[in-house]
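Structure file start-v6.txt with compact mmCIF, C-alpha atoms and all ligand atoms:
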# COMPACT_ATOMS: atom_id res chain seq x y z
CA ILE A 201 156.25 51.78 2.80
CA GLU A 202 158.51 49.60 0.69
CA ARG A 203 158.33 45.91 -0.27
CA THR A 204 160.97 43.52 -1.61
CA PHE A 205 161.04 40.04 -3.08
CA ILE A 206 163.36 37.64 -1.24
CA ALA A 207 163.85 34.01 -2.27
CA VAL A 208 165.73 31.10 -0.76
CA LYS A 209 167.25 29.38 -3.80
CA PRO A 210 167.28 25.57 -4.27
CA ASP A 211 170.69 25.21 -2.56
CA GLY A 212 169.46 27.20 0.44
CA VAL A 213 166.41 24.95 0.75
CA GLN A 214 168.47 21.75 0.36
CA ARG A 215 171.00 22.96 2.93
CA GLY A 216 168.33 23.68 5.54
CA LEU A 217 168.84 27.45 5.60
CA VAL A 218 165.18 28.45 5.15
CA GLY A 219 164.46 29.01 8.83
CA ASN A 220 167.69 30.92 9.39
CA ILE A 221 167.08 33.28 6.46
CA ILE A 222 163.47 33.95 7.50
CA ALA A 223 164.62 34.47 11.10
CA ARG A 224 167.01 37.24 10.05
CA PHE A 225 164.30 39.25 8.30
CA GLU A 226 161.84 38.62 11.15
CA ALA A 227 164.31 39.61 13.86
CA ARG A 228 165.29 42.74 11.97
CA GLY A 229 161.67 43.87 12.30
CA PHE A 230 160.45 43.56 8.73
CA ARG A 231 156.87 42.43 8.12
CA LEU A 232 156.26 39.17 6.24
CA VAL A 233 153.65 39.81 3.56
CA ALA A 234 153.74 36.57 1.52
CA LEU A 235 155.46 33.18 1.64
CA LYS A 236 155.35 29.95 -0.41
CA LEU A 237 157.43 26.95 -1.47
CA VAL A 238 157.44 26.64 -5.27
CA ARG A 239 159.00 25.06 -8.34
CA PRO A 240 157.91 27.64 -10.91
CA GLY A 241 159.62 26.13 -13.98
CA LYS A 242 162.17 27.39 -16.50
CA GLU A 243 160.00 29.88 -18.35
CA HIS A 244 159.10 31.70 -15.12
CA LEU A 245 162.74 31.69 -13.98
CA GLU A 246 163.85 33.10 -17.33
CA GLN A 247 161.34 35.91 -16.86
CA HIS A 248 162.61 36.51 -13.33
CA TYR A 249 166.21 36.89 -14.53
CA ALA A 250 165.28 38.41 -17.95
CA GLU A 251 167.87 41.21 -17.53
CA LEU A 252 170.65 38.58 -17.54
CA LYS A 253 169.57 36.58 -20.61
CA ASP A 254 172.65 37.54 -22.66
CA LYS A 255 175.17 36.61 -19.94
CA PRO A 256 177.28 33.49 -20.52
CA PHE A 257 176.21 32.06 -17.17
CA PHE A 258 172.46 32.45 -17.91
CA PRO A 259 171.73 28.80 -18.94
CA GLY A 260 173.57 27.52 -15.86
CA LEU A 261 171.73 30.03 -13.67
CA ILE A 262 168.34 28.84 -14.93
CA GLU A 263 169.34 25.18 -14.47
CA TYR A 264 170.46 25.95 -10.91
CA MET A 265 167.27 27.85 -10.07
CA ASN A 266 165.17 25.05 -11.60
CA SER A 267 166.99 22.28 -9.67
CA GLY A 268 164.64 22.19 -6.67
CA PRO A 269 162.04 24.07 -4.66
CA ILE A 270 162.42 27.76 -3.90
CA VAL A 271 161.01 29.64 -0.92
CA ALA A 272 159.47 32.84 -2.31
CA MET A 273 158.76 35.71 0.09
CA VAL A 274 157.67 39.32 0.20
CA TRP A 275 159.01 41.45 3.07
CA GLU A 276 157.92 44.98 3.88
CA GLY A 277 159.51 47.80 5.86
CA LEU A 278 161.45 51.03 5.77
CA ASP A 279 164.15 50.86 3.06
CA VAL A 280 163.71 47.07 2.86
CA VAL A 281 164.99 46.76 -0.74
CA LYS A 282 168.42 48.20 -0.01
CA THR A 283 168.58 46.72 3.49
CA GLY A 284 167.59 43.28 2.18
CA ARG A 285 170.48 43.45 -0.30
CA ALA A 286 172.85 44.45 2.51
CA MET A 287 171.63 41.49 4.59
CA LEU A 288 172.28 39.15 1.61
CA GLY A 289 175.79 40.43 0.97
CA ALA A 290 177.62 40.70 -2.35
CA THR A 291 176.68 38.59 -5.39
CA ASN A 292 179.99 36.73 -5.08
CA PRO A 293 179.91 35.15 -1.60
CA LEU A 294 183.69 35.38 -1.27
CA ALA A 295 183.25 39.17 -1.42
CA SER A 296 180.40 39.12 1.11
CA ALA A 297 181.17 40.24 4.64
CA PRO A 298 180.80 37.67 7.43
CA GLY A 299 177.49 38.39 9.12
CA THR A 300 175.64 38.57 5.82
CA ILE A 301 173.61 35.60 4.54
CA ARG A 302 175.99 34.84 1.65
CA GLY A 303 179.02 35.76 3.75
CA ASP A 304 177.97 33.23 6.38
CA TYR A 305 176.67 30.37 4.21
CA ALA A 306 178.06 30.43 0.66
CA ILE A 307 181.28 30.21 -1.35
CA ALA A 308 180.38 30.06 -5.07
CA VAL A 309 178.62 32.82 -7.04
CA GLY A 310 176.51 30.17 -8.77
CA ARG A 311 175.37 28.71 -5.40
CA ASN A 312 174.72 31.85 -3.38
CA VAL A 313 171.65 30.57 -1.46
CA ALA A 314 169.29 33.55 -1.68
CA HIS A 315 167.93 36.27 -3.93
CA GLY A 316 166.89 39.85 -3.19
CA SER A 317 165.39 42.52 -5.47
CA ASP A 318 167.95 45.14 -6.51
CA SER A 319 165.61 48.16 -6.85
CA VAL A 320 162.11 49.25 -5.91
CA GLU A 321 161.03 48.91 -9.57
CA ASN A 322 162.40 45.37 -9.84
CA ALA A 323 160.82 44.49 -6.49
CA GLU A 324 157.41 45.48 -7.84
CA ARG A 325 158.02 43.52 -11.05
CA GLU A 326 159.22 40.42 -9.20
CA ILE A 327 156.40 40.48 -6.61
CA ALA A 328 153.87 40.63 -9.47
CA LEU A 329 155.64 37.75 -11.25
CA TRP A 330 155.82 35.43 -8.22
CA PHE A 331 152.59 36.25 -6.38
CA LYS A 332 148.93 36.78 -7.16
CA PRO A 333 147.52 39.91 -5.49
CA GLU A 334 145.40 37.78 -3.13
CA GLU A 335 148.53 35.98 -1.88
CA LEU A 336 149.81 39.23 -0.34
CA VAL A 337 148.50 39.27 3.21
CA ASP A 338 147.65 42.42 5.12
CA TRP A 339 148.07 42.09 8.88
CA GLU A 340 148.86 44.34 11.80
CA GLN A 341 152.39 43.85 13.11
CA SER A 342 151.85 44.19 16.86
CA GLN A 343 155.54 44.99 17.48
CA LYS A 344 155.44 47.96 15.11
CA ALA A 345 155.60 50.66 17.79
CA TRP A 346 158.70 48.94 19.23
CA ILE A 347 160.43 48.78 15.85
CA TYR A 348 159.67 52.26 14.44
CA GLU A 349 159.83 55.54 16.37
P1 LIG B 1 170.16 37.82 -7.21
O1 LIG B 1 169.75 38.34 -5.87
O2 LIG B 1 170.03 36.33 -7.33
O3 LIG B 1 169.48 38.56 -8.34
O4 LIG B 1 171.73 38.11 -7.31
P2 LIG B 1 172.45 39.54 -7.52
O5 LIG B 1 171.43 40.60 -7.76
O6 LIG B 1 173.41 39.70 -6.42
O7 LIG B 1 173.28 39.28 -8.87
P3 LIG B 1 172.74 39.32 -10.39
O8 LIG B 1 171.30 39.71 -10.42
O9 LIG B 1 173.71 40.09 -11.18
O10 LIG B 1 172.87 37.79 -10.80
C1 LIG B 1 171.85 36.85 -10.52
C2 LIG B 1 172.48 35.54 -10.10
O11 LIG B 1 173.21 35.02 -11.19
C3 LIG B 1 173.50 35.66 -8.98
O12 LIG B 1 172.93 35.65 -7.70
C4 LIG B 1 174.32 34.42 -9.22
O13 LIG B 1 173.68 33.25 -8.68
C5 LIG B 1 174.34 34.32 -10.72
N1 LIG B 1 175.54 34.97 -11.25
C6 LIG B 1 175.81 36.30 -11.35
N2 LIG B 1 177.01 36.52 -11.87
C7 LIG B 1 177.53 35.28 -12.12
C8 LIG B 1 178.76 34.84 -12.67
O14 LIG B 1 179.63 35.61 -13.04
N3 LIG B 1 178.91 33.47 -12.77
C9 LIG B 1 177.96 32.59 -12.37
N4 LIG B 1 178.19 31.27 -12.50
N5 LIG B 1 176.80 32.98 -11.83
C10 LIG B 1 176.59 34.31 -11.72
MG MG B 2 169.89 40.40 -9.13
Mind converting the file's structure to structure tokens?
Ligand code: GTP
Ligand code: MG
Amino acid sequence: IERTFIAVKPDGVQRGLVGNIIARFEARGFRLVALKLVRPGKEHLEQHYAELKDKPFFPGLIEYMNSGPIVAMVWEGLDVVKTGRAMLGATNPLASAPGTIRGDYAIAVGRNVAHGSDSVENAEREIALWFKPEELVDWEQSQKAWIYE
């Protein structure tokens, strides 16, 4: 079963969207595996977005991500990487469909309120970067039989 790394970015925390974003993943039926509020610092954020380091917007992206606390989460479930991305919407919020997180709560690409891993490989890399193994919690989701056939 698959896991993904989802984060509420500093603007999402400041705008009081943490509960709403968690609620969407919970209500969908995904299992919460890890959760913390963190300010990890620039070096960690540069590692997180290492693939983008040559982009012109990279310094601004790191400054934005370093501007306040982030809610870091791991969610688990069937096809959760791709489905998590669909729930977030497009990178540019103006291209995100209403009903998605970015499509409901954001306007600017540089203030798009939440992050989601874009592949299973990146999810594994990001989970290992943001969480220690002992921070990943194993628990029985009692609703499981009502969520999966
Ligand atoms: P994440 O879930 O945050 O990784 O976003 P993404 O996968 O939809 O997009 P990508 O990984 O390509 O870019 C990471 C983040 O950089 C985006 O979420 C934006 O906040 C920011 N970003 C991407 N493209 C641009 C851009 O053209 N301009 C600006 N200002 N920011 C950008
Ligand atoms: Mg990305």
**Report entry** Who sits within 12 Å of Pro333 of chain A, all atoms listed in the file, same chain under 3 positions skipped, as a VMD selection string
**Finding:** chain A and resid 233 to 234 274 324 327 to 330 336 to 338
Dump C-alpha atoms for the selected residues as a PDB file, keeping the file's coordinate frame?
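Okay, this is what ended up in again38.pdb:
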ATOM      1  CA  VAL A 233     153.650  39.810   3.560  1.00  0.00           C
ATOM      2  CA  ALA A 234     153.740  36.570   1.520  1.00  0.00           C
ATOM      3  CA  VAL A 274     157.670  39.320   0.200  1.00  0.00           C
ATOM      4  CA  GLU A 324     157.410  45.480  -7.840  1.00  0.00           C
ATOM      5  CA  ILE A 327     156.400  40.480  -6.610  1.00  0.00           C
ATOM      6  CA  ALA A 328     153.870  40.630  -9.470  1.00  0.00           C
ATOM      7  CA  LEU A 329     155.640  37.750 -11.250  1.00  0.00           C
ATOM      8  CA  TRP A 330     155.820  35.430  -8.220  1.00  0.00           C
ATOM      9  CA  LEU A 336     149.810  39.230  -0.340  1.00  0.00           C
ATOM     10  CA  VAL A 337     148.500  39.270   3.210  1.00  0.00           C
ATOM     11  CA  ASP A 338     147.650  42.420   5.120  1.00  0.00           C
TER      12      ASP A 338
END
Query raised in the report: Which value, in Å to one decimal, gives the distance between atom CA of Arg285 of chain A and atom O12 of ligand LIG 1 (chain B)?
Result: 11.0 Å
Would you mind listing, for every residue of chain A within 10 Å of ligand LIG 1 (chain B), the two atoms forming the shortest contact and the distance between them in Å to one decimal, using all atoms listed in the file, sorted by chain and ascending residue number, as CSV?
residue,atom,partner,partner_atom,distance
A:Phe205,CA,B:LIG1,O1,9.3
A:Ile206,CA,B:LIG1,O1,7.9
A:Ala207,CA,B:LIG1,O1,8.2
A:Val208,CA,B:LIG1,O2,9.4
A:Lys209,CA,B:LIG1,O2,8.3
A:His248,CA,B:LIG1,O3,8.7
A:Tyr249,CA,B:LIG1,C1,6.9
A:Ala250,CA,B:LIG1,O8,9.7
A:Glu251,CA,B:LIG1,O8,8.0
A:Leu252,CA,B:LIG1,O10,7.1
A:Lys255,CA,B:LIG1,C7,8.3
A:Pro256,CA,B:LIG1,N3,7.9
A:Phe257,CA,B:LIG1,N4,5.1
A:Phe258,CA,B:LIG1,O11,7.2
A:Pro259,CA,B:LIG1,N4,9.5
A:Gly260,CA,B:LIG1,N4,6.8
A:Leu261,CA,B:LIG1,O11,5.8
A:Ile262,CA,B:LIG1,O11,8.7
A:Tyr264,CA,B:LIG1,O13,8.3
A:Met265,CA,B:LIG1,O13,8.5
A:Gly284,CA,B:LIG1,O1,9.7
A:Arg285,CA,B:LIG1,O1,7.6
A:Leu288,CA,B:LIG1,O1,7.9
A:Gly289,CA,B:LIG1,O6,7.8
A:Ala290,CA,B:LIG1,O6,5.9
A:Thr291,CA,B:LIG1,O6,3.6
A:Asn292,CA,B:LIG1,O6,7.3
A:Pro293,CA,B:LIG1,O12,9.3
A:Arg302,CA,B:LIG1,O6,9.8
A:Ala308,CA,B:LIG1,N4,7.8
A:Val309,CA,B:LIG1,C4,5.1
A:Gly310,CA,B:LIG1,N5,4.2
A:Arg311,CA,B:LIG1,O13,5.9
A:Asn312,CA,B:LIG1,O13,5.6
A:Val313,CA,B:LIG1,O13,8.0
A:Ala314,CA,B:LIG1,O2,6.3
A:His315,CA,B:LIG1,O1,3.4
A:Gly316,CA,B:LIG1,O1,4.2
A:Ser317,CA,B:LIG1,O1,6.1
A:Asp318,CA,B:LIG1,O5,5.9
A:Ser319,CA,B:LIG1,O5,9.6
A:Asn322,CA,B:LIG1,O3,9.9
Deliver the residues from the most recent selection as a file, using C-alpha atoms, as a PDB file, keeping the file's coordinate frame.
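File again-v2.pdb, as written:
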ATOM      1  CA  PHE A 205     161.040  40.040  -3.080  1.00  0.00           C
ATOM      2  CA  ILE A 206     163.360  37.640  -1.240  1.00  0.00           C
ATOM      3  CA  ALA A 207     163.850  34.010  -2.270  1.00  0.00           C
ATOM      4  CA  VAL A 208     165.730  31.100  -0.760  1.00  0.00           C
ATOM      5  CA  LYS A 209     167.250  29.380  -3.800  1.00  0.00           C
ATOM      6  CA  HIS A 248     162.610  36.510 -13.330  1.00  0.00           C
ATOM      7  CA  TYR A 249     166.210  36.890 -14.530  1.00  0.00           C
ATOM      8  CA  ALA A 250     165.280  38.410 -17.950  1.00  0.00           C
ATOM      9  CA  GLU A 251     167.870  41.210 -17.530  1.00  0.00           C
ATOM     10  CA  LEU A 252     170.650  38.580 -17.540  1.00  0.00           C
ATOM     11  CA  LYS A 255     175.170  36.610 -19.940  1.00  0.00           C
ATOM     12  CA  PRO A 256     177.280  33.490 -20.520  1.00  0.00           C
ATOM     13  CA  PHE A 257     176.210  32.060 -17.170  1.00  0.00           C
ATOM     14  CA  PHE A 258     172.460  32.450 -17.910  1.00  0.00           C
ATOM     15  CA  PRO A 259     171.730  28.800 -18.940  1.00  0.00           C
ATOM     16  CA  GLY A 260     173.570  27.520 -15.860  1.00  0.00           C
ATOM     17  CA  LEU A 261     171.730  30.030 -13.670  1.00  0.00           C
ATOM     18  CA  ILE A 262     168.340  28.840 -14.930  1.00  0.00           C
ATOM     19  CA  TYR A 264     170.460  25.950 -10.910  1.00  0.00           C
ATOM     20  CA  MET A 265     167.270  27.850 -10.070  1.00  0.00           C
ATOM     21  CA  GLY A 284     167.590  43.280   2.180  1.00  0.00           C
ATOM     22  CA  ARG A 285     170.480  43.450  -0.300  1.00  0.00           C
ATOM     23  CA  LEU A 288     172.280  39.150   1.610  1.00  0.00           C
ATOM     24  CA  GLY A 289     175.790  40.430   0.970  1.00  0.00           C
ATOM     25  CA  ALA A 290     177.620  40.700  -2.350  1.00  0.00           C
ATOM     26  CA  THR A 291     176.680  38.590  -5.390  1.00  0.00           C
ATOM     27  CA  ASN A 292     179.990  36.730  -5.080  1.00  0.00           C
ATOM     28  CA  PRO A 293     179.910  35.150  -1.600  1.00  0.00           C
ATOM     29  CA  ARG A 302     175.990  34.840   1.650  1.00  0.00           C
ATOM     30  CA  ALA A 308     180.380  30.060  -5.070  1.00  0.00           C
ATOM     31  CA  VAL A 309     178.620  32.820  -7.040  1.00  0.00           C
ATOM     32  CA  GLY A 310     176.510  30.170  -8.770  1.00  0.00           C
ATOM     33  CA  ARG A 311     175.370  28.710  -5.400  1.00  0.00           C
ATOM     34  CA  ASN A 312     174.720  31.850  -3.380  1.00  0.00           C
ATOM     35  CA  VAL A 313     171.650  30.570  -1.460  1.00  0.00           C
ATOM     36  CA  ALA A 314     169.290  33.550  -1.680  1.00  0.00           C
ATOM     37  CA  HIS A 315     167.930  36.270  -3.930  1.00  0.00           C
ATOM     38  CA  GLY A 316     166.890  39.850  -3.190  1.00  0.00           C
ATOM     39  CA  SER A 317     165.390  42.520  -5.470  1.00  0.00           C
ATOM     40  CA  ASP A 318     167.950  45.140  -6.510  1.00  0.00           C
ATOM     41  CA  SER A 319     165.610  48.160  -6.850  1.00  0.00           C
ATOM     42  CA  ASN A 322     162.400  45.370  -9.840  1.00  0.00           C
TER      43      ASN A 322
END
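Distances here use all atoms listed in the file; by that measure, the residue among A:Gly229, A:Gly277, A:Pro298, A:Gly241 closest to Glu202 of chain A is A:Gly277.
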Requested in this report: Would you mind telling me which residue in A:Ala297, A:Gln214, A:Met273, A:Arg203 lies nearest to Glu321 of chain A when using only C-alpha atoms?
Outcome: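 Ranking A:Ala297, A:Gln214, A:Met273, A:Arg203 by distance to Glu321 of chain A, first place goes to A:Arg203.
Across the structure, atom CA of Gln247 of chain A and atom CA of Asp304 of chain A are spaced 28.7 Å apart.
You will find atom CA of Ala345 of chain A at 23.8 Å from atom CA of Leu235 of chain A.
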Spatial neighbours of Asn220 of chain A, 9 Å, all atoms listed in the file, chain gap at least 4 places, as a CSV table (one decimal) with C-alpha atoms, keeping the file's coordinate frame:
chain,number,residue,atom,x,y,z
A,216,GLY,CA,168.3,23.7,5.5
A,224,ARG,CA,167.0,37.2,10.0
A,301,ILE,CA,173.6,35.6,4.5
